[in-house]
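For reference, entry02.txt (compact mmCIF, C-alpha atoms and all ligand atoms):
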```
# COMPACT_ATOMS: atom_id res chain seq x y z
CA MET G 13 72.41 119.45 173.70
CA ASN G 14 71.20 122.97 174.20
CA ALA G 15 67.56 123.92 174.66
CA LYS G 16 67.08 124.97 171.04
CA GLU G 17 68.37 121.64 169.68
CA LYS G 18 66.13 119.77 172.15
CA ASN G 19 63.06 121.67 170.92
CA ILE G 20 63.83 120.77 167.31
CA LEU G 21 64.35 117.09 168.24
CA ASP G 22 61.04 117.05 170.16
CA SER G 23 59.12 118.50 167.27
CA VAL G 24 60.68 115.97 164.83
CA ILE G 25 59.77 113.06 167.14
CA TYR G 26 56.28 114.47 167.62
CA SER G 27 55.61 114.94 163.92
CA TYR G 28 57.13 111.52 163.15
CA SER G 29 54.87 109.78 165.68
CA THR G 30 51.71 111.66 164.59
CA GLU G 31 52.49 110.87 160.96
CA SER G 32 52.98 107.17 161.72
CA ASN G 33 49.72 107.19 163.72
CA GLN G 34 47.95 108.73 160.76
CA THR G 35 49.41 106.16 158.37
CA SER G 36 48.34 103.24 160.51
CA GLU G 37 44.85 104.79 160.84
CA GLU G 38 44.66 105.17 157.05
CA ASN G 39 45.91 101.62 156.69
CA ARG G 40 43.13 100.35 158.98
CA ILE G 41 40.44 102.25 157.05
CA LEU G 42 41.73 100.89 153.73
CA LYS G 43 41.75 97.33 155.09
CA ASP G 44 38.15 97.76 156.29
CA THR G 45 37.12 99.08 152.89
CA VAL G 46 38.83 96.20 151.08
CA ASN G 47 37.08 93.70 153.36
CA LYS G 48 33.70 95.30 152.74
CA MET G 49 34.28 95.33 148.99
CA ARG G 50 35.28 91.64 149.12
CA GLU G 51 32.08 90.80 150.95
CA GLU G 52 30.06 92.74 148.36
CA LEU G 53 31.92 90.97 145.56
CA GLU G 54 31.07 87.59 147.10
CA LYS G 55 27.41 88.58 147.06
CA PHE G 56 27.59 89.33 143.34
CA LYS G 57 29.32 86.01 142.67
CA ALA G 58 26.81 83.89 144.62
CA PRO G 59 24.17 82.30 142.37
CA PRO G 60 20.56 83.19 143.19
CA LEU G 61 18.46 80.64 145.02
CA MET G 62 15.11 79.45 143.82
CA VAL G 63 11.99 80.02 145.94
CA CYS G 64 9.83 76.91 146.03
CA GLU G 65 7.06 75.39 148.06
CA VAL G 66 7.40 72.06 149.85
CA ARG G 67 4.64 69.68 148.78
CA ASN G 68 5.57 66.44 150.51
CA VAL G 69 8.35 65.33 152.86
CA PHE G 70 10.07 61.91 152.99
CA ASP G 71 12.71 61.94 155.73
CA LYS G 72 15.68 63.77 154.14
CA GLU G 73 14.02 64.16 150.76
CA ALA G 74 11.09 66.24 149.64
CA VAL G 75 8.84 67.03 146.71
CA VAL G 76 9.04 70.74 145.92
CA ARG G 77 6.95 72.82 143.55
CA LEU G 78 8.64 75.51 141.48
CA PRO G 79 6.89 78.79 140.65
CA ASN G 80 6.26 77.54 137.09
CA GLY G 81 4.23 74.64 138.47
CA ASN G 82 6.76 71.82 137.88
CA GLN G 83 7.44 69.48 140.78
CA PHE G 84 10.75 67.78 141.66
CA TYR G 85 11.90 65.15 144.12
CA VAL G 86 14.97 66.66 145.84
CA SER G 87 17.30 66.34 148.85
CA VAL G 88 17.08 68.55 151.90
CA SER G 89 20.40 69.83 153.23
CA ASN G 90 21.28 69.01 156.84
CA GLU G 91 21.64 72.70 157.67
CA CYS G 92 18.05 73.41 156.70
CA GLY G 93 16.50 71.60 159.65
CA LYS G 94 13.05 70.06 159.49
CA VAL G 95 10.72 71.10 156.66
CA ARG G 96 7.00 70.55 156.47
CA PRO G 97 4.53 70.52 153.56
CA GLY G 98 3.48 74.11 152.81
CA ASP G 99 6.83 75.62 153.90
CA VAL G 100 8.45 78.11 151.56
CA VAL G 101 12.13 77.19 150.99
CA LEU G 102 15.17 78.29 149.05
CA ALA G 103 16.77 75.72 146.77
CA ASP G 104 19.97 75.66 144.74
CA GLN G 105 19.26 76.43 141.10
CA LYS G 106 21.24 73.55 139.59
CA ASN G 107 20.30 70.57 141.70
CA LEU G 108 17.37 72.04 143.66
CA VAL G 109 18.78 70.88 147.02
CA VAL G 110 16.75 72.62 149.69
CA ILE G 111 19.10 74.96 151.52
CA ARG G 112 17.08 77.17 153.79
CA LYS G 113 13.56 77.80 155.02
CA ILE G 114 12.15 81.31 154.73
CA PRO G 115 9.13 82.80 156.46
CA SER G 116 5.98 82.25 154.42
CA THR G 117 5.35 85.25 152.22
CA ARG G 118 1.63 84.66 151.80
CA LYS G 119 0.15 87.50 153.79
CA PHE G 120 2.79 89.88 152.60
CA ASP G 121 1.96 89.01 149.01
CA VAL G 122 -1.69 89.99 148.85
CA GLU G 123 -1.48 93.02 151.06
CA ASN G 124 1.23 94.40 148.86
CA PHE G 125 -0.63 94.00 145.64
CA VAL G 126 -4.13 95.12 146.47
CA ILE G 127 -5.26 98.38 148.01
CA VAL G 128 -6.44 97.81 151.55
CA GLU G 129 -7.76 100.86 153.36
CA LYS G 130 -10.43 102.33 155.59
CA PRO G 131 -11.82 105.03 153.30
CA LYS G 132 -13.23 108.32 154.58
CA VAL G 133 -15.58 109.17 151.71
CA SER G 134 -18.90 110.49 153.00
CA TRP G 135 -22.24 110.13 151.23
CA GLY G 136 -22.36 113.93 151.15
CA SER G 137 -19.34 114.10 148.86
CA ILE G 138 -21.20 112.26 146.09
CA GLY G 139 -23.43 114.33 143.86
CA GLY G 140 -26.49 113.32 141.88
CA LEU G 141 -26.54 109.63 142.77
CA SER G 142 -29.00 109.49 145.66
CA ALA G 143 -31.12 106.68 144.16
CA GLN G 144 -28.02 104.55 143.62
CA ALA G 145 -26.71 105.39 147.08
CA ASN G 146 -30.02 104.33 148.65
CA GLU G 147 -29.99 101.03 146.84
CA ILE G 148 -26.41 100.33 147.93
CA LYS G 149 -27.30 101.21 151.51
CA GLU G 150 -30.12 98.67 151.38
CA VAL G 151 -28.05 95.88 149.90
CA VAL G 152 -24.69 96.41 151.60
CA GLU G 153 -25.07 98.70 154.59
CA LEU G 154 -28.24 97.24 156.13
CA PRO G 155 -27.11 93.58 156.19
CA LEU G 156 -23.75 94.59 157.66
CA LYS G 157 -25.30 96.82 160.29
CA LYS G 158 -28.46 94.83 161.11
CA PRO G 159 -28.01 91.18 160.13
CA GLU G 160 -30.62 90.13 162.73
CA LEU G 161 -33.31 92.02 160.81
CA PHE G 162 -32.78 89.76 157.81
CA LYS G 163 -32.83 86.64 159.99
CA LYS G 164 -36.11 87.74 161.57
CA VAL G 165 -37.77 88.48 158.25
CA GLY G 166 -36.30 85.28 156.85
CA ILE G 167 -34.67 86.59 153.68
CA THR G 168 -31.09 86.53 152.54
CA PRO G 169 -29.61 89.76 151.19
CA PRO G 170 -27.64 89.72 147.92
CA LYS G 171 -23.97 88.82 148.32
CA GLY G 172 -22.85 91.54 146.05
CA ILE G 173 -23.72 94.18 143.55
CA LEU G 174 -22.58 95.19 140.12
CA LEU G 175 -22.18 98.89 139.41
CA TYR G 176 -22.14 99.64 135.72
CA GLY G 177 -21.93 102.85 133.74
CA ALA G 178 -19.63 105.25 131.91
CA PRO G 179 -16.10 105.94 133.21
CA GLY G 180 -15.72 108.57 135.91
CA THR G 181 -19.34 108.53 137.05
CA GLY G 182 -18.57 107.74 140.68
CA LYS G 183 -18.67 103.94 140.95
CA THR G 184 -15.52 103.73 143.04
CA LEU G 185 -16.73 106.65 145.11
CA LEU G 186 -20.01 104.86 145.95
CA ALA G 187 -18.16 101.70 146.97
CA LYS G 188 -15.81 103.68 149.19
CA ALA G 189 -18.68 105.59 150.77
CA VAL G 190 -20.47 102.41 151.80
CA ALA G 191 -17.20 101.02 153.21
CA ALA G 192 -16.79 104.22 155.23
CA SER G 193 -20.37 104.26 156.51
CA THR G 194 -20.09 100.64 157.68
CA ASN G 195 -16.53 101.09 158.96
CA SER G 196 -15.45 98.21 156.75
CA THR G 197 -12.07 97.35 155.35
CA PHE G 198 -12.04 98.31 151.68
CA ILE G 199 -10.09 95.92 149.48
CA GLN G 200 -9.72 97.14 145.92
CA ILE G 201 -8.61 94.93 143.05
CA VAL G 202 -8.31 95.96 139.44
CA ALA G 203 -9.29 92.88 137.47
CA SER G 204 -7.13 93.72 134.45
CA GLU G 205 -4.06 93.93 136.71
CA LEU G 206 -4.94 90.64 138.34
CA VAL G 207 -4.75 88.85 135.02
CA GLN G 208 -1.81 90.77 133.54
CA LYS G 209 0.54 91.13 136.48
CA PHE G 210 0.17 87.80 138.19
CA ILE G 211 0.44 85.37 135.32
CA GLY G 212 -0.08 81.89 136.67
CA GLU G 213 -0.96 83.28 140.10
CA GLY G 214 -4.33 84.95 139.45
CA ALA G 215 -6.47 82.19 140.93
CA LYS G 216 -4.24 81.96 144.00
CA MET G 217 -4.42 85.73 144.44
CA VAL G 218 -8.22 85.67 144.32
CA LYS G 219 -8.26 82.98 147.00
CA GLU G 220 -5.92 84.93 149.21
CA ILE G 221 -7.77 88.20 148.70
CA PHE G 222 -10.95 86.59 149.98
CA GLU G 223 -9.08 85.01 152.90
CA LEU G 224 -7.83 88.49 153.76
CA ALA G 225 -11.36 89.89 153.44
CA ARG G 226 -12.69 87.31 155.89
CA LYS G 227 -9.89 88.00 158.31
CA ARG G 228 -10.44 91.76 158.19
CA ALA G 229 -14.27 91.56 158.21
CA PRO G 230 -16.43 93.53 157.99
CA SER G 231 -15.01 94.16 154.58
CA ILE G 232 -15.92 95.14 151.06
CA VAL G 233 -14.09 93.63 148.12
CA PHE G 234 -14.27 96.08 145.23
CA ILE G 235 -13.41 94.59 141.84
CA ASP G 236 -12.85 97.34 139.29
CA GLU G 237 -12.87 96.65 135.52
CA LEU G 238 -14.61 93.36 136.18
CA ASP G 239 -15.04 92.85 132.43
CA ALA G 240 -11.30 92.10 132.10
CA LEU G 241 -11.91 88.94 134.10
CA ALA G 242 -15.52 88.13 133.46
CA ALA G 243 -15.99 88.83 129.76
CA LYS G 244 -17.85 86.30 127.63
CA ARG G 245 -15.34 84.06 125.92
CA ILE G 246 -15.93 81.99 122.88
CA GLU G 247 -12.48 80.47 122.49
CA MET G 248 -10.20 79.14 125.14
CA GLY G 249 -7.27 78.31 122.97
CA THR G 250 -4.36 80.33 124.27
CA SER G 251 -2.78 79.80 127.65
CA GLY G 252 -3.58 83.44 128.48
CA GLU G 253 -7.28 82.81 127.96
CA ARG G 254 -7.14 79.67 130.06
CA GLU G 255 -5.39 81.62 132.79
CA VAL G 256 -8.09 84.33 132.79
CA ASN G 257 -10.71 81.62 132.90
CA ARG G 258 -9.08 79.88 135.87
CA THR G 259 -8.97 83.16 137.76
CA PHE G 260 -12.60 83.85 136.90
CA MET G 261 -13.65 80.37 138.06
CA GLN G 262 -11.86 80.92 141.35
CA LEU G 263 -13.71 84.22 141.77
CA LEU G 264 -17.07 82.50 141.22
CA ALA G 265 -16.09 79.74 143.64
CA GLU G 266 -15.22 82.34 146.28
CA ILE G 267 -18.50 84.19 145.78
CA ASP G 268 -20.43 80.92 146.03
CA GLY G 269 -18.41 79.80 149.01
CA PHE G 270 -19.48 82.37 151.55
CA ASN G 271 -22.66 83.06 153.36
CA PRO G 272 -24.72 86.15 152.38
CA LEU G 273 -24.72 87.22 156.01
CA ASP G 274 -20.97 86.85 156.41
CA ASN G 275 -19.46 90.23 156.92
CA VAL G 276 -17.94 90.30 153.44
CA LYS G 277 -19.64 92.03 150.51
CA ILE G 278 -18.50 92.20 146.91
CA ILE G 279 -18.96 95.17 144.66
CA GLY G 280 -18.02 94.77 141.01
CA ALA G 281 -17.69 97.70 138.62
CA THR G 282 -17.60 97.80 134.85
CA ASN G 283 -18.00 100.18 131.92
CA ARG G 284 -18.87 97.23 129.67
CA LYS G 285 -21.85 95.39 131.10
CA ASP G 286 -22.71 94.25 127.57
CA ILE G 287 -19.72 91.91 127.36
CA LEU G 288 -20.01 90.40 130.86
CA ASP G 289 -20.45 86.67 131.21
CA SER G 290 -23.90 86.07 132.68
CA ALA G 291 -22.35 83.59 135.14
CA VAL G 292 -21.21 86.48 137.31
CA THR G 293 -24.64 88.10 137.57
CA ARG G 294 -26.54 84.86 138.18
CA PRO G 295 -28.81 84.77 141.29
CA GLY G 296 -26.71 84.27 144.40
CA ARG G 297 -23.73 86.09 142.92
CA LEU G 298 -23.50 89.77 141.94
CA ASP G 299 -27.20 89.75 141.24
CA ARG G 300 -28.12 93.33 142.11
CA LEU G 301 -27.30 95.46 139.09
CA ILE G 302 -27.12 99.20 139.67
CA HIS G 303 -26.74 101.61 136.80
CA VAL G 304 -24.53 104.63 137.52
CA PRO G 305 -25.35 107.02 134.68
CA LEU G 306 -23.80 110.29 133.53
CA PRO G 307 -25.26 113.02 135.74
CA LYS G 308 -28.30 115.01 134.63
CA LYS G 309 -28.54 118.81 135.05
CA ASP G 310 -29.33 118.70 138.79
CA GLY G 311 -26.70 116.05 139.41
CA ARG G 312 -24.10 118.13 137.59
CA LEU G 313 -24.96 121.12 139.74
CA GLU G 314 -24.57 119.03 142.92
CA ILE G 315 -21.20 117.68 141.78
CA LEU G 316 -20.07 121.16 140.77
CA LYS G 317 -21.03 122.50 144.20
CA ILE G 318 -19.10 119.67 145.91
CA HIS G 319 -15.91 120.24 143.96
CA SER G 320 -16.01 124.04 144.06
CA GLN G 321 -16.90 124.38 147.74
CA ASN G 322 -13.33 125.10 148.78
CA MET G 323 -12.52 127.31 145.80
CA SER G 324 -12.39 131.12 145.94
CA LEU G 325 -14.93 132.09 143.32
CA GLU G 326 -15.68 135.57 142.00
CA PRO G 327 -19.36 136.53 142.36
CA ASP G 328 -19.79 136.36 138.57
CA VAL G 329 -19.42 132.55 138.63
CA ASP G 330 -22.92 131.13 138.14
CA LEU G 331 -22.86 127.42 138.94
CA ILE G 332 -26.40 126.80 137.68
CA ASN G 333 -25.52 128.24 134.31
CA LEU G 334 -22.27 126.26 134.18
CA SER G 335 -24.03 123.00 135.03
CA MET G 336 -26.26 123.54 131.99
CA ILE G 337 -23.37 123.82 129.53
CA MET G 338 -21.63 120.79 131.00
CA GLU G 339 -23.92 118.38 129.22
CA ASP G 340 -22.60 114.80 128.83
CA MET G 341 -19.80 115.41 131.30
CA SER G 342 -19.04 112.82 133.97
CA GLY G 343 -18.36 113.58 137.63
CA ALA G 344 -14.64 113.09 137.03
CA GLU G 345 -14.75 115.62 134.18
CA ILE G 346 -16.64 118.16 136.28
CA LYS G 347 -13.96 117.78 138.93
CA ALA G 348 -11.32 118.30 136.20
CA VAL G 349 -13.07 121.52 135.12
CA CYS G 350 -12.76 122.91 138.67
CA THR G 351 -9.06 122.04 138.82
CA GLU G 352 -8.36 123.50 135.36
CA ALA G 353 -10.22 126.72 136.21
CA GLY G 354 -8.03 127.03 139.29
CA TYR G 355 -4.94 126.68 137.10
CA PHE G 356 -6.17 129.40 134.72
CA ALA G 357 -6.47 131.73 137.74
CA ILE G 358 -2.99 130.81 139.02
CA ARG G 359 -1.45 131.38 135.60
CA SER G 360 -2.93 134.90 135.56
CA ASP G 361 -1.61 135.60 139.06
CA ARG G 362 -5.00 135.63 140.67
CA ILE G 363 -6.30 133.75 143.69
CA LYS G 364 -9.96 134.05 142.73
CA VAL G 365 -11.52 132.03 139.93
CA THR G 366 -13.65 133.97 137.46
CA ARG G 367 -16.52 132.93 135.18
CA GLU G 368 -14.10 133.25 132.26
CA ASP G 369 -11.70 130.72 133.88
CA MET G 370 -14.56 128.29 134.35
CA LEU G 371 -15.72 128.64 130.74
CA LYS G 372 -12.20 128.15 129.39
CA ALA G 373 -11.82 125.07 131.61
CA VAL G 374 -15.10 123.56 130.35
CA ASP G 375 -13.86 124.08 126.81
CA LYS G 376 -10.49 122.52 127.54
CA VAL G 377 -11.92 119.42 129.25
CA LYS G 378 -14.49 118.96 126.44
CA HIS G 379 -11.72 119.19 123.84
CA GLU G 380 -9.53 116.68 125.64
CA GLU G 381 -12.44 114.30 125.78
CA GLN G 382 -13.07 114.67 122.04
CA GLU G 383 -9.38 114.16 121.25
CA GLU G 384 -9.31 111.01 123.34
CA GLY G 385 -12.36 109.75 121.47
CA GLN G 386 -10.65 110.54 118.18
CA ASP G 387 -7.47 108.69 119.20
CA TYR G 388 -9.57 105.70 120.11
CA MET G 389 -11.35 105.80 116.74
CA ASN G 390 -8.01 106.05 114.95
CA MET G 391 -6.68 103.07 116.84
CA PHE G 392 -9.68 100.80 116.51
CA GLY G 393 -11.38 102.20 113.42
P1 LIG H 401 -13.95 104.27 136.30
O1 LIG H 401 -15.06 103.55 135.63
O2 LIG H 401 -13.07 105.00 135.33
O3 LIG H 401 -13.20 103.45 137.32
P2 LIG H 401 -15.57 105.47 138.34
O4 LIG H 401 -16.99 105.44 137.88
O5 LIG H 401 -15.16 104.46 139.35
O6 LIG H 401 -14.61 105.49 137.10
P3 LIG H 401 -14.67 107.37 140.25
O7 LIG H 401 -13.30 106.81 140.32
O8 LIG H 401 -15.58 107.06 141.37
O9 LIG H 401 -15.33 106.93 138.90
O10 LIG H 401 -14.62 108.94 140.02
C1 LIG H 401 -13.42 109.62 139.77
C2 LIG H 401 -13.44 110.95 140.48
O11 LIG H 401 -14.43 111.79 139.89
C3 LIG H 401 -13.82 110.83 141.93
O12 LIG H 401 -12.71 110.71 142.75
C4 LIG H 401 -14.55 112.13 142.20
O13 LIG H 401 -13.66 113.12 142.59
C5 LIG H 401 -15.15 112.51 140.86
N1 LIG H 401 -16.58 112.11 140.77
C6 LIG H 401 -17.10 111.21 139.91
N2 LIG H 401 -18.43 111.10 140.09
C7 LIG H 401 -18.76 111.93 141.09
C8 LIG H 401 -19.96 112.25 141.75
N3 LIG H 401 -21.13 111.68 141.40
N4 LIG H 401 -19.93 113.15 142.77
C9 LIG H 401 -18.77 113.75 143.13
N5 LIG H 401 -17.59 113.47 142.54
C10 LIG H 401 -17.57 112.59 141.53
```

Written as structure tokens, how would this file's structure read?
Ligand code: ATP
Amino acid sequence: MNAKEKNILDSVIYSYSTESNQTSEENRILKDTVNKMREELEKFKAPPLMVCEVRNVFDKEAVVRLPNGNQFYVSVSNECGKVRPGDVVLADQKNLVVIRKIPSTRKFDVENFVIVEKPKVSWGSIGGLSAQANEIKEVVELPLKKPELFKKVGITPPKGILLYGAPGTGKTLLAKAVAASTNSTFIQIVASELVQKFIGEGAKMVKEIFELARKRAPSIVFIDELDALAAKRIEMGTSGEREVNRTFMQLLAEIDGFNPLDNVKIIGATNRKDILDSAVTRPGRLDRLIHVPLPKKDGRLEILKIHSQNMSLEPDVDLINLSMIMEDMSGAEIKAVCTEAGYFAIRSDRIKVTREDMLKAVDKVKHEEQEEGQDYMNMFG
């Protein structure tokens, strides 16, 4: 074999061996992929397991409670190990044999469904509500900061307050400000969500929310749209009404159950004080009622100053004059006017907001408000 023939043979052997290496590599990757797909397929074929709570244990059998409230006497599989009452377990759907224990999801539940935060709202960022702010300081801030004062004087502060007034007037803002000034955990629940989202679980949620509040004390439990839970009810026919009532009863039990000088305070908020059940405002419950009204002229000016303080305004913008034409507007609407005016400036390629922008924004927000009112009238007559 001459040198040329040897070179050709070498290159054939080389390319043959690299090609066979490549094929076996491809083969390996395909096998891996098939295995992974099989595993995935198995997952899709496996029936879902039921999450239940163990109520009672009898050697290798147990009474479990399903999420719908029904209870069954079932076997516990050997693989599951020892179960105890209160454990959360997974059971087969057909015969409910307990298969596995899972970590209790209690804490995880509440914290995922309510807003828990340490707000940073300062009293200075609230306009026109100084009387209300002072009252809240007296009822919530003072007992949290100086409980010994109340012990010395021998009086018990109210456990909670009820803020009532038109939408967007700053009720949530006040509650957050007092949480910030007392460095409390702020736990916000929207009552309508509590009864709509957690059907059958509302009462349990209320219990757990208050447990969380005690654990994270000092804390403020803020219940928005309280009327959804605590409205006067004449009938209790449907299961939905009974459910709301159970949740409401649990709320009252929680309020009654803690000491006024515990580091937990409750602030309820509603736009419909007229339909509230008097049980919630009875002495010893949310018995300090604070009206949060639509801002007057001076209040509107304060709110306008707060929301425009970071805006670039042309000198022709007269806030006093604007506050006068903003009659009947809530704090939230005044804030909306500032934002809209900013948008008018951006749309005209300017970075400074003019008087004209502000006036157009007032008009726009007023119109939106009227249209909303009209829609409501059309819907409910
Ligand atoms: P709702 O009854 O609809 O829950 P609310 O009374 O709780 O409304 P907030 O959520 O506190 O109203 O207000 C909405 C927004 O409007 C606030 O985030 C704030 O920016 C602005 N706002 C309302 N009132 C005031 C106020 N008095 N001072 C400054 N800003 C205000």

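Minimum atom-to-atom distances from G:Gly182, G:Pro305, G:Gly93, G:Pro159 to ligand LIG 401 (chain H) were compared using all atoms listed in the file, and the lowest value belongs to G:Gly182.
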
Which residue, G:Arg297, G:Lys183, G:Lys164, G:Lys317, has the smallest gap to ligand LIG 401 (chain H) when you use all atoms listed in the file?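 Of G:Arg297, G:Lys183, G:Lys164, G:Lys317, the one nearest ligand LIG 401 (chain H), counting all atoms listed in the file, is G:Lys183.
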
Rank G:Gly81, G:Pro307, G:Gly280, G:Pro59 by their smallest atom-to-atom distance to ligand LIG 401 (chain H), using only C-alpha atoms and all ligand atoms, and report the top residue only. G:Pro307

Around all the atoms of ligand LIG 401 (chain H) listed in the file, draw an axis-aligned box and extend it by 3 Å on each of the six sides; I want its centre and edge lengths in Å to one decimal, as lines of an AutoDock Vina configuration file.
```
center_x = -16.9
center_y = 108.6
center_z = 139.2
size_x = 14.4
size_y = 16.3
size_z = 13.8
```

Let me have all residues with an atom within 9 Å of ligand LIG 401 (chain H), counting all atoms listed in the file, laid out as an NGL selection string. :G and (136-141 or 175-188 or 236-237 or 281-283 or 304 or 306-307 or 311-312 or 314-316 or 318-319 or 342-348)

Write out as a ChimeraX atom specification the residues lying within 6 Å of G:Gln262, counting only C-alpha atoms and excluding same-chain residues fewer than 3 positions away. /G:215,259,265
